[in-house]
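S.K.: Provided herewith is a single structure, encoded as structure tokens, for subsequent inquiry.
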Amino acid sequence: MPILWNNPPLTPGRSPRSRSSRSLRLLWTLACCAGFAACQREPAAPELSNAPVYSNPQEGLRFLVPDGWTQTASSTLPPGSLGGEIFLTRYNLSSPEQGASLQVLCLDDRADLNLAQHHAEGSFRAASWQPQGEPQAVDIHGVPATRLRYTTLLDNREMSKQVTCFRRRGRVYSFVGLFWSNDPYADQQLLRAIDSITWTP
């Protein structure tokens, strides 16, 4: 037998219209609270830090950050396919020549991915990059990597691009250093940071 609920009597002095308004206000308040709670659960970008060590437990990555470097961007990679190249972190270098930086980029690995060709394509305001020598196989704390070097003309000056790539867990992590070619100090800083990279198994 269905249960029939009797409508409660109206409060004296209150019309059905006022009760309806109160109900609407209550529903609106609850909806706003639910929306706020949902927003609070959305993933947020990691806070910027100038700590002496960059550590990303999710990617299993650590490296030393030279004195004077400033972290200007940081992100968390989504699970699964990336669907394109995504930056993980970015630093501005402390160097006599302004404009030096390090960016850590990540993209999905593929059997047909030619790293030398990929990094020679237009990027960082340059239409293209000219390779300087052949790709170099390097070993950093027992982990194989590929080191690439390029140059280009930008603002009537020669800029260098130093790239060290790691292929891990179906992804490619590219450490891209940019600096003016007359700035050997920036090149040295980048190599020191790259040579400090460690990965967790």
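Here, A, B, ... name the chains of the structure tokens in the order displayed, residue numbers run from 1 inside each chain, and ligands are numbered from 1 in the same displayed order.
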Please identify all polymer residues within 7 Å of region 161-176 of chain A, counting only C-alpha atoms, omitting same-chain residues fewer than 2 positions from it, and present them as a ChimeraX atom specification.

M.R.: /A:102-109,144-151,159,178-179

S.K.: Could you write those residues out with C-alpha atoms, as a PDB file, in the first residue's frame?

M.R.:
ATOM      1  CA  LEU A 102      65.712  25.654 -18.605  1.00  0.00           C
ATOM      2  CA  GLN A 103      62.429  24.020 -19.510  1.00  0.00           C
ATOM      3  CA  VAL A 104      61.528  20.398 -18.859  1.00  0.00           C
ATOM      4  CA  LEU A 105      59.121  19.196 -21.556  1.00  0.00           C
ATOM      5  CA  CYS A 106      57.324  15.873 -21.801  1.00  0.00           C
ATOM      6  CA  LEU A 107      55.565  14.091 -24.660  1.00  0.00           C
ATOM      7  CA  ASP A 108      54.372  10.586 -25.507  1.00  0.00           C
ATOM      8  CA  ASP A 109      57.096   8.314 -26.867  1.00  0.00           C
ATOM      9  CA  PRO A 144      70.824   6.449 -20.820  1.00  0.00           C
ATOM     10  CA  ALA A 145      69.990   9.771 -22.471  1.00  0.00           C
ATOM     11  CA  THR A 146      70.521  11.627 -25.734  1.00  0.00           C
ATOM     12  CA  ARG A 147      72.147  15.064 -25.870  1.00  0.00           C
ATOM     13  CA  LEU A 148      71.461  17.428 -28.769  1.00  0.00           C
ATOM     14  CA  ARG A 149      72.776  20.904 -29.585  1.00  0.00           C
ATOM     15  CA  TYR A 150      71.347  23.556 -31.906  1.00  0.00           C
ATOM     16  CA  THR A 151      71.742  27.223 -32.762  1.00  0.00           C
ATOM     17  CA  MET A 159      71.089  31.602 -29.518  1.00  0.00           C
ATOM     18  CA  LEU A 178      68.276  28.140 -23.959  1.00  0.00           C
ATOM     19  CA  PHE A 179      71.070  30.725 -23.771  1.00  0.00           C
TER      20      PHE A 179
END

S.K.: Nearest residue to Asp183 (chain A) out of A:Thr152, A:Asn56, A:Thr76, A:Ser160, using only C-alpha atoms?

M.R.: A:Ser160

S.K.: Could you pull the residues within 7 Å of region 116-121 of chain A, counting only C-alpha atoms, minus those fewer than 6 positions along the same chain, as a list of chain:residue names?

M.R.: A:Ser128, A:Trp129, A:Gln130, A:Pro131, A:Pro135, A:Leu148

S.K.: So which residues touch Ser75 (chain A) within 8 Å, counting only C-alpha atoms, skipping near sequence neighbours fewer than 3 positions away, as an MDAnalysis selection string?

M.R.: chainID A and resid 45:46 87:89

S.K.: Between A:Glu134, A:Glu47, A:Asp67, A:Asp139, which residue has the minimum interatomic distance to Ile194 (chain A), considering only C-alpha atoms?

M.R.: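 When distances to Ile194 (chain A) are compared using only C-alpha atoms, the smallest one comes from A:Asp139.
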